[in-house]
Amino acid sequence: MVSRKARFGRNLSQVIEAASAHYLQLFLASCKAPDEDLLQPPDISGAETDAAAKDLLKLYLHDCDQEILAELDRLCASVLELSEGKGVTSLDTVTAEKLLNTDHDRFVDAPDPLCRSIWVHSEFPDVFRDAESFHAARRYRDHRKLYAAFEIDQDDLAAVGQLRPDVKTLCEKLEDILELKAKATASVLELPETADYPPSLLIAFRHPGALSSIQDHRIDGGLQTYYYRPSREAILIFTPGQKKIEVCAESFEVRTIVAEAFAEIVLQHDLSAKPLTRRDFNLDRFRGSFNLDLPDLEAVEVTGATVVEAEMPLGHWGRRLNLKVTKDEDIEQAMTDYIRGGNRLVRKFGFTKIVIAVDFVRRDDGKKGTLRLQVSGGNTSNVQSQRDPFLRDLGFRLLSHWGLMSQLRPLAEHEEANWFRFLLSLYDLPGDEVSGNFLSAANVDPNPLIETGFLERKSRQVLVLIDDEDNGTTEGELTTGPEKGTLRQRGGFGEPRGVIPEAQAITYRLNRRWLGERILKTLGGVLGSTSLQIEDGYLASLGKVDLADERVPFYLVRGLDDTRVLDQLDIALRQKHKSGPGLVLSVSEKSPKYLGPNVVVRLADVISLDGHAVCIDEKELQRQFGAGRTLVACAQVAQVIRHGPHAGVLVIPGADPLNLTSAYQLLFFERLVTAATDGSREVFTKVLMEGMGSGHPGQLFSPKMRDIVIGTYIRHGSSNRYWRLASGVRDLITDAEG
């Protein structure tokens, strides 16, 4: 029997238990090891039962390296995702279009959704990837993450079945614009009409990403490193009936580039005359009232505007409450009469869809007309699909007038330069939400940042904490104020607490990825670098830049006020030792002097505004970089350099600088440095750790930093009860003893 001690991940375990042995073997035989060789599962044809066959496969898996099991677990997650819920319909939709009749019959004959998913993954991996792309696009559409929608102003758009995209030209253009170092590929899929969406065309663009690596055990027990490039993807969905191009990709800039390339090459659209439009729709104004004023427009007289339908979520995106009335009824009164606690639900959940009936009269000929406007949360409206240009223009004017729509636009170069320092402060914030108080304190109008996509307005606060002299801190409520832009504040017992500006109670969501891309691109332009890459939420690379007659790797970091982030970045930059010592531009106000072998320079110290453009003081940048490198290169003895009571750096000859982020770490290394320089060389553990609340040096550091510190910077002395400095100091002491 197989040992009960499981080495398998949750996804792999689920596939082993749920799939038949035949399909499990088929799955394993289609997977590759890190050296790109296919796995060789055992022959199970001689097994008497399915359970016996599975035992043979489990024994085989128990002998596999953990790296292989981790990769199998990742692949099993993909297989399971297309065998459950909407993943099943995604796989069915793609296979119905992509597979030939005989192959599709074999797909249908598989006993259950999991086996069908495994079969496609094993026999037709390209079709499986297309199904994954389609399924991912559905999720992005529903949740509006990694997603952008663009409207195209063109009346003669071809139907989906008539489009023949030139994917080769598309891929070549993307390779050129995105400066890809490898070929891009594309898959095309026609999406049938559903209850929610008209017929659409899906194109999945894929290209290799940054070089990565994995370590695998050799036969002799050693480790071997295999390098590979993970695939990156941008999914485009074109819906002619809505005149909409939707793009799902991690990078906001990539979404824009892909949409424009598709419009220019496939749709033959003149972007210089009619650029793509990205609009943002917001339904928060209906939290206070359904009343709509009638605007005074030149071409028409708007004689009526009534909300006739409202839909709100109830705690979960799949559970919604929908209320419809005629345009002669008051929807607000209907909600009060028929929905218990309707106002409370509105304040808590808001709305996901609003439908407005508009009556108007044309001023030129006196003809009456009606217009039905529908706005959904995210980037959805029915206005762009209006065939009549007059009605389309009227709809956008009305949505803009009522504050339901804002048109997103990029910042001009001079605007970005004026905003740059504040954008850096936004980028360095620890969370992804920004309070109205933060913007008010900085005397910043949020509207330009909303128009450019850096901020997205969320719902305003309803409940707040109030300081009460009698009851201490209590919970209060905010309601609509007597004037526009104000809120009434009430205490825990309903007592009035005055009026406050509405801006103080509004929360904004920060689009950190888009903000990071713009900051990185601006810096890349100033420094003359095009090798720009965001590696994670805290670290970005600008490639190698000329500085002081040499090419130096440049990095951009944020979040250094958090010691956990600082440790994470220190480790990440130490692992880039093959690139050589470099320069780190820090967005944070408080920054260490070094991160691994790299000198850290505060970005705020070296940037300035020259006319209408951001510029960098190259002399100051070079001075700080040179001073930092000289301190390390010329160090003859170990020393702790304090930058405050809780921060400093350890400099040891022969080793990279080490950031110290607590008073205990500073005291610990100061004691070791003293011992290394006064001749005693080592310190008894109990004396070394006195007053620190712990008995072992490793407890002063995070687990990952502990692995770096012990062995590189400290080691045991004459016995395990003593500690001494390691690295270059250790060599000097050893020479002295000799």
# chains A, B, ... in the order shown; residues from 1 in each chain; ligands from 1
>>> closest_atom_pairs(of="segment 245-321 of chain A", to="segment 129-133 of chain A", cutoff="12 Å", atoms="only C-alpha atoms", output="tab-separated table")
residue	atom	partner	partner_atom	distance
A:Val247	CA	A:Ser133	CA	11.7
A:Cys248	CA	A:Ser133	CA	9.7
A:Ala249	CA	A:Ser133	CA	10.9
>>> residues_around(residues="Arg287 of chain A", least_positions_apart="3", cutoff="8 Å", atoms="only C-alpha atoms", output="list in words")
Leu283, Asp284, Phe290, Val346, Arg347, Gly350 and Phe351 of chain A
>>> write_last_selection(atoms="N, CA and C atoms", output="compact mmCIF listing (two decimals), in the first residue's frame")
# COMPACT_ATOMS: atom_id res chain seq x y z
N LEU A 283 -22.37 54.89 -10.62
CA LEU A 283 -23.77 54.98 -10.21
C LEU A 283 -23.93 55.44 -8.77
N ASP A 284 -22.88 55.96 -8.16
CA ASP A 284 -22.96 56.32 -6.74
C ASP A 284 -23.96 57.44 -6.46
N PHE A 290 -33.04 59.26 -6.54
CA PHE A 290 -33.25 58.90 -7.94
C PHE A 290 -33.63 60.11 -8.79
N VAL A 346 -29.61 50.11 -0.06
CA VAL A 346 -28.97 50.99 -1.02
C VAL A 346 -27.67 51.54 -0.45
N ARG A 347 -27.71 51.99 0.80
CA ARG A 347 -26.49 52.55 1.41
C ARG A 347 -25.40 51.49 1.52
N GLY A 350 -25.31 49.67 -2.85
CA GLY A 350 -25.29 50.48 -4.07
C GLY A 350 -26.01 49.77 -5.20
N PHE A 351 -25.73 50.19 -6.45
CA PHE A 351 -26.43 49.65 -7.61
C PHE A 351 -25.44 49.09 -8.63
>>> atom_distance(atom1="atom CA of Leu163 of chain A", atom2="atom CA of Ser385 of chain A")
18.8 Å
>>> residues_around(residues="Asp567 of chain A", least_positions_apart="4", cutoff="7 Å", atoms="only C-alpha atoms", output="ChimeraX atom specification")
/A:563,571,705
>>> select_by_dssp(residues="segment 320-384 of chain A", states="alpha helix (DSSP H)", output="ChimeraX atom specification")
/A:331-338,342-349
>>> closest_residue(among="A:Leu373, A:Ala442, A:Leu700, A:Ile607", to="Leu391 of chain A", atoms="only C-alpha atoms")
A:Leu373
>>> residues_around(residues="Asn437 of chain A", least_positions_apart="4", cutoff="10 Å", atoms="only C-alpha atoms", output="NGL selection string")
:A and (441-443 or 503-507)
>>> closest_residue(among="A:Ser30, A:Gln639, A:Gln665, A:Gln374", to="Thr677 of chain A", atoms="only C-alpha atoms")
A:Gln639
>>> select_by_dssp(residues="segment 479-613 of chain A", states="strand (DSSP E or B)", output="PyMOL selection string")
chain A and resi 479-480+486-490+496-501+506-510+533-534+539-547+550-557+583-586+594-595+598-602+607-610+613
>>> write_last_selection(atoms="C-alpha atoms", output="compact mmCIF listing (two decimals), in the first residue's frame")
# COMPACT_ATOMS: atom_id res chain seq x y z
CA THR A 479 -26.43 60.98 5.36
CA THR A 480 -27.12 63.33 2.46
CA THR A 486 -22.04 68.15 2.02
CA LEU A 487 -23.04 65.37 4.40
CA ARG A 488 -24.97 65.37 7.66
CA GLN A 489 -23.20 63.62 10.50
CA ARG A 490 -25.24 61.92 13.23
CA PRO A 496 -27.06 65.74 14.87
CA ARG A 497 -23.29 66.31 14.79
CA GLY A 498 -23.12 69.00 12.14
CA VAL A 499 -22.29 69.10 8.44
CA ILE A 500 -19.00 67.98 6.88
CA PRO A 501 -17.66 68.20 3.29
CA ILE A 506 -15.24 59.43 -0.20
CA THR A 507 -12.86 56.54 -0.76
CA TYR A 508 -10.95 56.04 -4.01
CA ARG A 509 -9.45 52.85 -5.40
CA LEU A 510 -5.87 53.25 -6.59
CA GLN A 533 9.62 45.68 -16.37
CA ILE A 534 7.41 45.62 -13.27
CA LEU A 539 10.05 46.15 -7.43
CA ALA A 540 10.54 47.27 -11.03
CA SER A 541 13.58 47.12 -13.28
CA LEU A 542 14.80 49.82 -15.70
CA GLY A 543 17.56 47.67 -17.21
CA LYS A 544 21.13 48.96 -17.42
CA VAL A 545 21.74 52.71 -17.68
CA ASP A 546 24.94 54.65 -18.40
CA LEU A 547 26.26 56.26 -15.21
CA GLU A 550 29.78 52.44 -16.91
CA ARG A 551 26.49 50.62 -17.43
CA VAL A 552 24.74 50.09 -14.12
CA PRO A 553 21.53 48.13 -13.41
CA PHE A 554 18.76 50.47 -12.21
CA TYR A 555 15.76 49.49 -10.09
CA LEU A 556 12.67 51.27 -8.75
CA VAL A 557 11.23 50.26 -5.37
CA LEU A 583 21.45 51.67 -8.16
CA VAL A 584 18.01 51.56 -6.56
CA LEU A 585 15.69 54.56 -6.90
CA SER A 586 13.40 54.60 -3.87
CA TYR A 594 21.74 49.80 0.61
CA LEU A 595 19.63 46.91 -0.64
CA ASN A 598 22.98 48.08 -4.53
CA VAL A 599 23.17 51.71 -3.45
CA VAL A 600 19.77 53.26 -2.63
CA VAL A 601 18.98 56.84 -3.68
CA ARG A 602 15.76 58.61 -2.76
CA ILE A 607 14.23 64.74 -9.56
CA SER A 608 13.13 68.23 -10.53
CA LEU A 609 10.86 69.99 -13.00
CA ASP A 610 12.54 71.58 -16.01
CA ALA A 613 9.17 67.89 -18.18
>>> closest_residue(among="A:Leu449, A:Leu725, A:Val614, A:Val308", to="Leu527 of chain A", atoms="only C-alpha atoms")
A:Val614
>>> residues_around(residues="Pro111 of chain A", least_positions_apart="3", cutoff="12 Å", atoms="only C-alpha atoms", output="PDB file with C-alpha atoms, in the first residue's frame")
ATOM      1  CA  ALA A  18     -11.731  11.963  -8.938  1.00  0.00           C
ATOM      2  CA  ALA A  19     -10.335  10.882 -12.326  1.00  0.00           C
ATOM      3  CA  SER A  20     -10.174   7.313 -13.586  1.00  0.00           C
ATOM      4  CA  HIS A  22      -6.782   5.723 -17.609  1.00  0.00           C
ATOM      5  CA  TYR A  23      -7.254   9.496 -17.781  1.00  0.00           C
ATOM      6  CA  ARG A 106     -14.319  11.484 -28.525  1.00  0.00           C
ATOM      7  CA  PHE A 107     -14.464  14.575 -26.312  1.00  0.00           C
ATOM      8  CA  VAL A 108     -18.197  14.097 -25.698  1.00  0.00           C
ATOM      9  CA  LEU A 114     -13.026  16.286 -15.365  1.00  0.00           C
ATOM     10  CA  CYS A 115     -12.092  13.511 -17.790  1.00  0.00           C
ATOM     11  CA  ARG A 116     -13.094  15.721 -20.732  1.00  0.00           C
ATOM     12  CA  SER A 117     -10.881  18.498 -19.394  1.00  0.00           C
ATOM     13  CA  ILE A 118      -7.956  16.072 -18.933  1.00  0.00           C
ATOM     14  CA  TRP A 119      -8.448  14.658 -22.440  1.00  0.00           C
TER      15      TRP A 119
END
>>> closest_residue(among="A:Ser406, A:Thr93, A:Glu250, A:Thr380", to="Arg513 of chain A", atoms="only C-alpha atoms")
A:Glu250
>>> residues_around(residues="Gly537 of chain A", least_positions_apart="6", cutoff="12 Å", atoms="only C-alpha atoms", output="ChimeraX atom specification")
/A:427-432,511-517,556-559,565,568-569
>>> write_last_selection(atoms="C-alpha atoms", output="compact mmCIF listing (two decimals), in the first residue's frame")
# COMPACT_ATOMS: atom_id res chain seq x y z
CA TYR A 427 2.47 54.97 -5.57
CA ASP A 428 4.17 54.56 -2.19
CA LEU A 429 0.93 54.20 -0.20
CA PRO A 430 0.70 50.82 1.55
CA GLY A 431 -2.87 49.95 0.49
CA ASP A 432 -4.88 50.22 -2.70
CA ASN A 511 -4.95 51.66 -9.92
CA ARG A 512 -1.41 50.91 -8.76
CA ARG A 513 -0.40 48.88 -11.81
CA TRP A 514 -1.28 51.68 -14.25
CA LEU A 515 0.31 54.28 -11.97
CA GLY A 516 3.48 52.21 -11.71
CA GLU A 517 3.66 51.81 -15.47
CA LEU A 556 12.67 51.27 -8.75
CA VAL A 557 11.23 50.26 -5.37
CA ARG A 558 8.41 51.36 -3.07
CA GLY A 559 7.08 50.44 0.37
CA VAL A 565 8.82 44.73 2.41
CA GLN A 568 11.66 41.03 0.81
CA LEU A 569 13.34 43.52 -1.52
>>> residues_around(residues="Leu404 of chain A", least_positions_apart="5", cutoff="12 Å", atoms="only C-alpha atoms", output="list in words")
Arg279, Asp280, Phe281, Asn282, Leu283, Asp284, Arg285, Phe286, Leu292, Lys353, Ile354, Val355, Ile356, Leu373, Gln374, Val375, Ser376, Gly377, Gly378, Asn379, Thr380, Ser381, Gly395, Phe396, Arg397, Leu398, Leu399 and Arg457 of chain A
>>> atom_distance(atom1="atom CA of Tyr338 of chain A", atom2="atom CA of Pro482 of chain A")
27.1 Å
>>> atom_distance(atom1="atom CA of Pro446 of chain A", atom2="atom CA of Val258 of chain A")
28.2 Å
